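*Asks:* The structure is given below, and queries will be raised subsequently.
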Amino acid sequence: MKIFVFFATLLISVYASAGPFGLYKGMSLDEVKKKGPFVTTEAQYIYKSKTTSEGHPDIESYILTITPDHGLCKIIAISKTINTSQYGEELRSKYDDIILSLLKKYGEHSDKFDLLKDGSIWNESRDWMMSLIKDERVLLTYWSKTSGKLRSANLSDSIKSIAVEVGAYSNTKGYYKLIYDFDNIGNCVATIKSKRDANL
């Protein structure tokens with residue numbers, strides 16, 4: 001009996017640390033707070049921390065969606081500010097590095113986008129960062145378990161999808177953002193919408 005309890009405890013421990021940043025689907029707010037100093041934000045069911053016990057050194061903040069009934073369903077991890085040229089070279093290099101790490105862990109991505117909006121005036125190579133600031137450029141890689149027309153990714157840890165995209169604070173400072181949706185995200189979205197619309 002003691003051996004069974006030992007292995008059951010070990011299995012739970014392994015599962016609990018299996019997800020990104022040591023976070024996993026369905027964690028309660030109390031469980032999450034054992035991983036880092038997560039605090040409430042102005043948005044309901046959204047919690048934020050600058051650190052987690054199993055975080056990544058390049059990440060500056062972690063934003064979680066946690067509902068009472070369904071627990072943790074979404075992770076957004078935002079990188080530290082990346083100093084770059086107006087051509088975005090250093091930002092793109094950091095983006096490529098994190099994509100390579102995710103490819104090693106999760107396999108081939110479902111799709112990727114490197115697009116400039118039609119008719120944008122920010123179409124010179126020196127305008128690369130400015131086109132991000134103006135929301136006229138998209139650089140994004142996407143993994144999806146339910147892909148539709150896209151290539152289906154081999155995701156684990158109850159992850160439904162992963163997205164990595166870049167953004168800019170100025171024409172010389174940028175960041176990348178990792179977004180993990182667990183497969184209970186639909187339930188969380190429904191809960192949030194119901195709560196939001198309750199007083200209509």
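All residue names refer to the structure tokens as shown: chains lettered A, B, ... in order, residues numbered from 1 in each chain, ligands numbered from 1 in order.
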What's around Lys173 (chain A) at 7 Å? Count only C-alpha atoms, leave out sequence neighbours fewer than 3 positions away in its own chain, and write the answer as a compact mmCIF listing (two decimals) with N, CA and C atoms, in the first residue's frame.
*Replies:*
```
# COMPACT_ATOMS: atom_id res chain seq x y z
N THR A 81 12.26 43.35 -22.34
CA THR A 81 12.43 44.26 -23.46
C THR A 81 13.70 43.91 -24.22
N ILE A 82 13.58 43.85 -25.53
CA ILE A 82 14.70 43.51 -26.40
C ILE A 82 15.12 44.77 -27.15
N ASN A 83 16.35 45.21 -26.91
CA ASN A 83 16.89 46.36 -27.62
C ASN A 83 17.28 45.93 -29.04
N THR A 84 16.84 46.68 -30.01
CA THR A 84 17.03 46.28 -31.39
C THR A 84 17.23 47.49 -32.28
N ALA A 168 6.19 45.75 -30.50
CA ALA A 168 7.17 46.84 -30.35
C ALA A 168 6.67 47.89 -29.38
N TYR A 169 7.58 48.37 -28.54
CA TYR A 169 7.30 49.51 -27.67
C TYR A 169 7.72 50.82 -28.35
N SER A 170 8.78 50.74 -29.15
CA SER A 170 9.29 51.88 -29.89
C SER A 170 10.05 51.33 -31.10
```
*Asks:* Report as a PyMOL selection string all protein, DNA and RNA residues lying within 10 Å of region 101-103 of chain A, evaluated on only C-alpha atoms, omitting residues in the same chain fewer than 5 positions from it.
*Replies:* chain A and resi 96+108-109+143+162+164
*Asks:* Just the residues within 8 Å of Gly19 (chain A), please, counting only C-alpha atoms, with nothing from its chain fewer than 5 positions along; format it as JSON, numbers by chain.
*Replies:* {"A": [24, 25, 157]}
*Asks:* Give me every strand (DSSP E or B) residue in region 35-171 of chain A, going by DSSP on the backbone, as JSON, numbers by chain.
*Replies:* {"A": [39, 40, 46, 47, 48, 49, 59, 60, 61, 62, 63, 64, 65, 66, 67, 71, 72, 73, 74, 75, 76, 77, 78, 79, 82, 83, 111, 112, 113, 114, 115, 116, 137, 138, 139, 140, 141, 142, 143, 144, 159, 160, 161, 162, 163, 164, 165, 166, 167, 168, 169, 170]}
*Asks:* Kindly export the residues of the current selection with N, CA and C atoms, as a short mmCIF file (atom, residue, chain, number, x, y, z; two decimals), in the first residue's frame.
*Replies:*
```cif
data_model
loop_
_atom_site.label_atom_id
_atom_site.label_comp_id
_atom_site.auth_asym_id
_atom_site.auth_seq_id
_atom_site.Cartn_x
_atom_site.Cartn_y
_atom_site.Cartn_z
N VAL A 39 -0.98 38.18 -8.61
CA VAL A 39 -1.94 39.14 -8.04
C VAL A 39 -3.06 39.38 -9.04
N THR A 40 -4.20 39.85 -8.53
CA THR A 40 -5.33 40.14 -9.40
C THR A 40 -5.04 41.37 -10.25
N ILE A 46 -8.12 37.31 -14.31
CA ILE A 46 -6.78 37.46 -14.90
C ILE A 46 -5.80 37.81 -13.78
N TYR A 47 -4.68 37.06 -13.71
CA TYR A 47 -3.70 37.21 -12.64
C TYR A 47 -2.31 37.36 -13.25
N LYS A 48 -1.47 38.13 -12.57
CA LYS A 48 -0.18 38.49 -13.16
C LYS A 48 0.95 38.37 -12.13
N SER A 49 2.11 37.95 -12.60
CA SER A 49 3.31 37.89 -11.76
C SER A 49 4.54 38.12 -12.63
N ILE A 59 11.81 35.76 -19.70
CA ILE A 59 10.42 36.22 -19.55
C ILE A 59 10.32 37.24 -18.42
N GLU A 60 9.61 38.34 -18.70
CA GLU A 60 9.47 39.43 -17.74
C GLU A 60 8.16 39.36 -16.96
N SER A 61 7.11 38.83 -17.56
CA SER A 61 5.84 38.74 -16.85
C SER A 61 5.01 37.58 -17.36
N TYR A 62 4.20 37.04 -16.43
CA TYR A 62 3.32 35.91 -16.71
C TYR A 62 1.90 36.34 -16.40
N ILE A 63 1.00 36.15 -17.35
CA ILE A 63 -0.39 36.54 -17.19
C ILE A 63 -1.25 35.29 -17.37
N LEU A 64 -2.04 34.96 -16.36
CA LEU A 64 -2.82 33.72 -16.36
C LEU A 64 -4.31 34.00 -16.32
N THR A 65 -5.07 33.15 -17.00
CA THR A 65 -6.53 33.16 -16.89
C THR A 65 -6.94 31.95 -16.06
N ILE A 66 -7.61 32.21 -14.94
CA ILE A 66 -8.02 31.15 -14.01
C ILE A 66 -9.46 31.43 -13.58
N THR A 67 -10.36 30.49 -13.83
CA THR A 67 -11.73 30.64 -13.36
C THR A 67 -11.98 29.67 -12.21
N GLY A 71 -10.36 26.35 -13.40
CA GLY A 71 -8.95 26.51 -13.09
C GLY A 71 -8.18 27.20 -14.21
N LEU A 72 -6.89 26.95 -14.24
CA LEU A 72 -6.00 27.59 -15.22
C LEU A 72 -6.32 27.12 -16.63
N CYS A 73 -6.51 28.07 -17.54
CA CYS A 73 -6.82 27.69 -18.92
C CYS A 73 -5.99 28.44 -19.95
N LYS A 74 -5.25 29.48 -19.53
CA LYS A 74 -4.47 30.25 -20.49
C LYS A 74 -3.24 30.85 -19.82
N ILE A 75 -2.11 30.83 -20.52
CA ILE A 75 -0.87 31.45 -20.06
C ILE A 75 -0.39 32.41 -21.15
N ILE A 76 -0.09 33.63 -20.76
CA ILE A 76 0.61 34.56 -21.65
C ILE A 76 1.92 34.93 -20.97
N ALA A 77 3.03 34.70 -21.66
CA ALA A 77 4.35 35.01 -21.13
C ALA A 77 4.99 36.07 -22.03
N ILE A 78 5.36 37.19 -21.44
CA ILE A 78 5.91 38.31 -22.21
C ILE A 78 7.39 38.46 -21.90
N SER A 79 8.20 38.56 -22.94
CA SER A 79 9.65 38.61 -22.76
C SER A 79 10.10 39.93 -22.16
N ILE A 82 13.58 43.85 -25.53
CA ILE A 82 14.70 43.51 -26.40
C ILE A 82 15.12 44.77 -27.15
N ASN A 83 16.35 45.21 -26.91
CA ASN A 83 16.89 46.36 -27.62
C ASN A 83 17.28 45.93 -29.04
N ASP A 111 1.40 26.56 -38.56
CA ASP A 111 1.47 27.62 -39.57
C ASP A 111 2.34 28.75 -39.04
N LYS A 112 2.73 29.63 -39.95
CA LYS A 112 3.49 30.82 -39.55
C LYS A 112 3.15 31.96 -40.49
N PHE A 113 3.28 33.19 -39.98
CA PHE A 113 2.91 34.37 -40.74
C PHE A 113 4.00 35.43 -40.59
N ASP A 114 4.42 35.99 -41.71
CA ASP A 114 5.35 37.11 -41.72
C ASP A 114 4.82 38.07 -42.78
N LEU A 115 3.91 38.94 -42.35
CA LEU A 115 3.11 39.70 -43.30
C LEU A 115 3.14 41.19 -43.00
N LEU A 116 3.10 41.97 -44.05
CA LEU A 116 2.91 43.42 -43.95
C LEU A 116 1.57 43.76 -44.58
N ARG A 137 2.20 45.09 -39.26
CA ARG A 137 3.03 43.92 -39.54
C ARG A 137 2.70 42.82 -38.54
N VAL A 138 2.73 41.57 -39.01
CA VAL A 138 2.52 40.40 -38.16
C VAL A 138 3.68 39.44 -38.37
N LEU A 139 4.30 39.04 -37.26
CA LEU A 139 5.29 37.97 -37.27
C LEU A 139 4.85 36.99 -36.19
N LEU A 140 4.37 35.82 -36.60
CA LEU A 140 3.72 34.91 -35.67
C LEU A 140 3.92 33.46 -36.13
N THR A 141 4.15 32.58 -35.16
CA THR A 141 4.19 31.14 -35.43
C THR A 141 3.17 30.47 -34.52
N TYR A 142 2.51 29.43 -35.05
CA TYR A 142 1.32 28.87 -34.39
C TYR A 142 1.35 27.35 -34.41
N TRP A 143 1.08 26.77 -33.25
CA TRP A 143 0.90 25.33 -33.12
C TRP A 143 -0.55 25.09 -32.70
N SER A 144 -1.23 24.12 -33.30
CA SER A 144 -2.62 23.85 -32.94
C SER A 144 -2.90 22.36 -32.98
N ILE A 159 -2.35 20.93 -23.78
CA ILE A 159 -2.28 22.20 -24.50
C ILE A 159 -3.05 22.09 -25.81
N LYS A 160 -3.93 23.05 -26.05
CA LYS A 160 -4.71 23.08 -27.29
C LYS A 160 -3.97 23.82 -28.39
N SER A 161 -3.31 24.94 -28.03
CA SER A 161 -2.59 25.72 -29.03
C SER A 161 -1.48 26.54 -28.37
N ILE A 162 -0.49 26.89 -29.19
CA ILE A 162 0.60 27.77 -28.77
C ILE A 162 0.80 28.80 -29.88
N ALA A 163 0.98 30.05 -29.50
CA ALA A 163 1.31 31.09 -30.47
C ALA A 163 2.48 31.90 -29.95
N VAL A 164 3.35 32.30 -30.85
CA VAL A 164 4.46 33.19 -30.51
C VAL A 164 4.42 34.36 -31.49
N GLU A 165 4.35 35.57 -30.97
CA GLU A 165 4.33 36.74 -31.83
C GLU A 165 5.20 37.85 -31.26
N VAL A 166 5.57 38.80 -32.11
CA VAL A 166 6.41 39.90 -31.66
C VAL A 166 5.61 41.18 -31.61
N GLY A 167 6.10 42.13 -30.81
CA GLY A 167 5.50 43.44 -30.72
C GLY A 167 6.58 44.48 -30.48
N ALA A 168 6.19 45.75 -30.50
CA ALA A 168 7.17 46.84 -30.35
C ALA A 168 6.67 47.89 -29.38
N TYR A 169 7.58 48.37 -28.54
CA TYR A 169 7.30 49.51 -27.67
C TYR A 169 7.72 50.82 -28.35
N SER A 170 8.78 50.74 -29.15
CA SER A 170 9.29 51.88 -29.89
C SER A 170 10.05 51.33 -31.10
#
```
*Asks:* So that I can check the surroundings of Ser131 (chain A), please list as a list of chain:residue names every protein, DNA and RNA residue that reaches within 9 Å of it, counting only C-alpha atoms and ignoring chain neighbours fewer than 5 positions away.
*Replies:*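 Answer for this query is A:Leu116, A:Lys117, A:Ser120, A:Ile121, A:Trp122, A:Asn123, A:Glu136, A:Arg137, A:Val138, A:Asn171.
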*Asks:* Hey, can you check how far CA of Pro37 (chain A) sits from CA of Pro20 (chain A)?
*Replies:*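 Atom-to-atom, CA of Pro37 (chain A) to CA of Pro20 (chain A), that is 17.1 Å.
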*Asks:* Given only C-alpha atoms as the basis, pick out the residue of A:Ser28, A:Thr172, A:Ser156, A:Ser85 nearest to Tyr106 (chain A).
*Replies:*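 Smallest distance to Tyr106 (chain A) is found for A:Ser156.
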*Asks:* Could you tell me which of A:Gly22, A:Met27, A:Tyr45, A:Glu54 comes closest to Arg196 (chain A) if we count only C-alpha atoms?
*Replies:*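 The answer is A:Tyr45, which sits nearest to Arg196 (chain A).
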